[in-house]
Amino acid sequence: MKIKKYENKHHNRVIISVLVFTFVIYNYFVYSSGTETLAPKLSIEAIDGQVLWQENNCWTCHQLYGLGGYLGPDLTNITSNPQKGENYIKGFINSGVKSMPKYNFTDEEKNQIIAFLRAVDQTGYFPNYKANLQPNGWVEIDYKSTDSTAQQPNK
Amino acid sequence: MHKAAQFFKNKFSLQFILLSLIALILGSLFGVLAGFQYILPDFLKELLPFTKMRPFHDSSVTSWIILAAIGSIYFVLSNLEGMTIFSPKLTKIHFYLFLVIGIAIYISIGTGYMGGREYLAFIPILILPIIIGWVLFGYNYYKTVLNQVKNWPVYYWMWGTGIVFMIFHLVEAHFWFSPYFRENFVRDLTVQWKSYGSFVGSWNQLVYGLSIYIMAKIKNDNSIGRGKLPFFFYFLGLTNLMFGWAHHTYIIPTQPWIRYVAYGISMTEWIILGYMIYSWKKSLSEEKKENNTLAYKFLMAADFWIFINLILALLISIPIINFFSHGTHITVAHSMGTTIGINTTILLSTLFYIASRIDSSFKDNIKQLLAGFYIFNGALMVFFGALIAAGLKRSEWMYFSKNMPFAEMKINLANNYYIFLIAGIVMFIGILMLTIPLFKVFLKEYKIAVKA
């Protein structure tokens, strides 16, 4: 009886070790090739914009790629939206319309936020209207090509 | 052993539990306040800014889950299992560290001096002491259990791995400190949500471990938690924790293989669903022993919620369904359904069980508690339904009537928001009816423990 129990314990250790080992390799690929994109790196200005995005909790209401709060609209592709774009955003973010708080960003800060949103826009589409929905349940998403960067409307 | 002396050993586990109950009450209150924002946006935006209510709510309720789980595990080890905690001093440090961090988080949010991200909104530097706290807990846990238990039942494995993965994923959630991640938005966002999916998986290990433990105690059956089957499900859960997180990120333009893996792995959870149905069918034919304790009732309720949420999780892990449900309230239904329906329900079961063990005069079948139980679960059902309905409407707007302005879509959702808010308020009342009596018992015992 005792020997059998010991064996069980041993099995568990082997399974855990195999899982953890696979996990390490898997993480390596997720962190490297799995998340490689054609979009350019975020500029310093864009990263400053992201800092403002975090410090002002824009994410409590807005989403990027559908991730975030739902009080406001998704902003993934707002900079390339032909009806909106950068001037519209500049006008909007200090206005305090509806539930959106009234901010007092300087011109420089507004540019940083826009640089961040533009960088996000360059990485892809949300919603991904041109995705290929397949009958077997799989979805092939549409990737954004970088040469035509932010100017491609997502319709 | 003298009763008071016995509890003296657990002073810190009681402190964790008391703190967790405060966090639950505050967290639910902030949730209700945040909910008002959806129907009275202009009126409340200055008074109760959503940018603060939401982080207050997130931080408080996650603290509830974590603190209640930690407190219960310490309690199980030192009292119910009669082990000697490796270092009571470390437990003490762990408690005060988390208490101070909690206060710091509230100050950070209250003053609006944050800078973190969703769910971890507070000043990012606070993650360091949080991780240190987890490391202390892990060290204390392994040192205690490794020496005193041979041939671990499954819940010891679950707690042990839950702690380790919690540490890893809290670190991973802050990889954005490094430019390697930050400069690549796709990588950054993917890893952020990978870590979120997995640290929820990690606390699930702590919480599910407690549910198995409590079930074994209530049924007085030590084979629960041992043998091939519980371990099979444990490893299945662990595999999903590691590799099944990606349904939050299907739509992010990562390489397709990440999605293939996640899709494949998450579909293994059908086995859990199938097994649940199978064991219910089997239990119908078995002779049933009546068990009227509230702890048992909550475990049964958790079973129900696991069933519902598993179906939802499985569905939204199918890419074509995820395509339409992502970015809608269906995701919120998923997260609220699991954290409230499963985690909170199991933790309340655990706390009622502990309460009945430490205070023999504690009656858990009185009217107020029973009413609380039904109000809580009933309100959650309506809450959950309102979110699913809102999600369907939002999805319809996103994909089929996309020319409608955002503001108009929101007006269309107003009814759902009313129902959602009212259900939230009722649920809060239910939570108060349950937690206040619990708080009193734990406070009473705590006072005895301090005097001893």
# chains A, B, ... in the order shown; residues from 1 in each chain; ligands from 1
call {"tool": "residues_around", "arguments": {"residues": "B:Ile318", "least_positions_apart": "5", "cutoff": "9 Å", "atoms": "only C-alpha atoms", "output": "list in words"}}
result
Gly137 and Trp138 of chain A; His247, Tyr263, Ser266, Met267, Ala313 and Phe323 of chain B
call {"tool": "interface_residues", "arguments": {"of": "chain B", "to": "chain A", "cutoff": "6 Å", "atoms": "only C-alpha atoms", "output": "number ranges by chain"}}
result
B: 41-42, 51, 114-116, 183-184, 187, 254-255, 319-320, 327
call {"tool": "residues_around", "arguments": {"residues": "B:Ser198", "least_positions_apart": "6", "cutoff": "8 Å", "atoms": "only C-alpha atoms", "output": "mmCIF file with all heavy atoms, in the first residue's frame"}}
result
data_model
loop_
_atom_site.group_PDB
_atom_site.id
_atom_site.type_symbol
_atom_site.label_atom_id
_atom_site.label_comp_id
_atom_site.auth_asym_id
_atom_site.auth_seq_id
_atom_site.Cartn_x
_atom_site.Cartn_y
_atom_site.Cartn_z
ATOM 1 N N PHE B 165 1.864 30.045 -9.146
ATOM 2 C CA PHE B 165 1.435 30.671 -10.399
ATOM 3 C C PHE B 165 0.937 32.094 -10.169
ATOM 4 O O PHE B 165 1.063 32.956 -11.035
ATOM 5 C CB PHE B 165 0.389 29.812 -11.107
ATOM 6 C CG PHE B 165 1.028 28.693 -11.864
ATOM 7 C CD1 PHE B 165 1.209 27.450 -11.284
ATOM 8 C CD2 PHE B 165 1.518 28.908 -13.140
ATOM 9 C CE1 PHE B 165 1.839 26.426 -11.963
ATOM 10 C CE2 PHE B 165 2.152 27.893 -13.834
ATOM 11 C CZ PHE B 165 2.316 26.644 -13.248
ATOM 12 N N MET B 166 0.376 32.350 -9.002
ATOM 13 C CA MET B 166 -0.033 33.708 -8.668
ATOM 14 C C MET B 166 1.182 34.637 -8.744
ATOM 15 O O MET B 166 1.109 35.714 -9.328
ATOM 16 C CB MET B 166 -0.600 33.699 -7.242
ATOM 17 C CG MET B 166 -1.311 34.949 -6.889
ATOM 18 S SD MET B 166 -2.860 34.931 -7.805
ATOM 19 C CE MET B 166 -3.578 36.377 -7.199
ATOM 20 N N HIS B 169 2.315 35.109 -12.413
ATOM 21 C CA HIS B 169 1.457 35.913 -13.279
ATOM 22 C C HIS B 169 1.325 37.361 -12.812
ATOM 23 O O HIS B 169 1.071 38.246 -13.621
ATOM 24 C CB HIS B 169 0.107 35.229 -13.474
ATOM 25 C CG HIS B 169 0.245 33.979 -14.283
ATOM 26 N ND1 HIS B 169 0.617 34.000 -15.596
ATOM 27 C CD2 HIS B 169 0.133 32.670 -13.950
ATOM 28 C CE1 HIS B 169 0.709 32.759 -16.049
ATOM 29 N NE2 HIS B 169 0.419 31.932 -15.061
ATOM 30 N N LEU B 241 -5.092 26.683 -16.992
ATOM 31 C CA LEU B 241 -4.506 27.895 -16.412
ATOM 32 C C LEU B 241 -3.310 28.343 -17.262
ATOM 33 O O LEU B 241 -3.144 29.514 -17.565
ATOM 34 C CB LEU B 241 -4.069 27.587 -14.978
ATOM 35 C CG LEU B 241 -3.436 28.645 -14.080
ATOM 36 C CD1 LEU B 241 -3.414 28.122 -12.650
ATOM 37 C CD2 LEU B 241 -2.044 29.052 -14.470
ATOM 38 N N MET B 242 -2.481 27.382 -17.654
ATOM 39 C CA MET B 242 -1.254 27.721 -18.375
ATOM 40 C C MET B 242 -1.499 28.102 -19.837
ATOM 41 O O MET B 242 -0.923 29.044 -20.347
ATOM 42 C CB MET B 242 -0.294 26.525 -18.355
ATOM 43 C CG MET B 242 0.240 26.169 -17.001
ATOM 44 S SD MET B 242 1.206 24.649 -17.187
ATOM 45 C CE MET B 242 1.828 24.431 -15.540
ATOM 46 N N TRP B 245 -5.742 30.636 -21.747
ATOM 47 C CA TRP B 245 -6.138 32.001 -21.401
ATOM 48 C C TRP B 245 -6.618 32.823 -22.578
ATOM 49 O O TRP B 245 -7.194 33.887 -22.420
ATOM 50 C CB TRP B 245 -4.926 32.726 -20.789
ATOM 51 C CG TRP B 245 -3.718 32.528 -21.652
ATOM 52 C CD1 TRP B 245 -2.861 31.473 -21.601
ATOM 53 C CD2 TRP B 245 -3.272 33.338 -22.746
ATOM 54 N NE1 TRP B 245 -1.918 31.572 -22.585
ATOM 55 C CE2 TRP B 245 -2.147 32.714 -23.295
ATOM 56 C CE3 TRP B 245 -3.720 34.548 -23.295
ATOM 57 C CZ2 TRP B 245 -1.458 33.232 -24.383
ATOM 58 C CZ3 TRP B 245 -3.037 35.070 -24.370
ATOM 59 C CH2 TRP B 245 -1.920 34.411 -24.910
#
call {"tool": "decode", "arguments": {"residues": "stretch 16-48 of chain A", "atoms": "C-alpha atoms", "output": "compact mmCIF listing (two decimals), in the first residue's frame"}}
result
# COMPACT_ATOMS: atom_id res chain seq x y z
CA ILE A 16 3.85 18.71 -13.02
CA SER A 17 7.40 18.77 -14.34
CA VAL A 18 6.29 18.01 -17.88
CA LEU A 19 3.61 20.70 -17.70
CA VAL A 20 5.97 23.32 -16.33
CA PHE A 21 8.63 22.47 -18.88
CA THR A 22 6.11 22.81 -21.73
CA PHE A 23 4.88 26.04 -20.19
CA VAL A 24 8.35 27.56 -20.20
CA ILE A 25 8.88 26.74 -23.87
CA TYR A 26 5.40 27.92 -24.73
CA ASN A 27 5.95 31.23 -22.94
CA TYR A 28 9.19 31.73 -24.80
CA PHE A 29 7.33 31.53 -28.10
CA VAL A 30 4.39 33.66 -26.94
CA TYR A 31 6.76 36.39 -25.81
CA SER A 32 8.79 36.30 -29.02
CA SER A 33 7.58 35.04 -32.40
CA GLY A 34 3.94 34.57 -31.38
CA THR A 35 3.44 38.26 -30.80
CA GLU A 36 5.65 39.61 -33.54
CA THR A 37 3.94 42.21 -35.73
CA LEU A 38 4.71 44.27 -38.77
CA ALA A 39 3.67 47.49 -37.04
CA PRO A 40 6.50 49.84 -36.09
CA LYS A 41 7.68 50.11 -32.51
CA LEU A 42 5.96 52.65 -30.28
CA SER A 43 7.79 55.99 -30.42
CA ILE A 44 8.78 57.82 -27.25
CA GLU A 45 5.90 60.18 -27.88
CA ALA A 46 3.46 57.28 -28.17
CA ILE A 47 4.76 55.75 -24.94
CA ASP A 48 4.26 59.09 -23.21
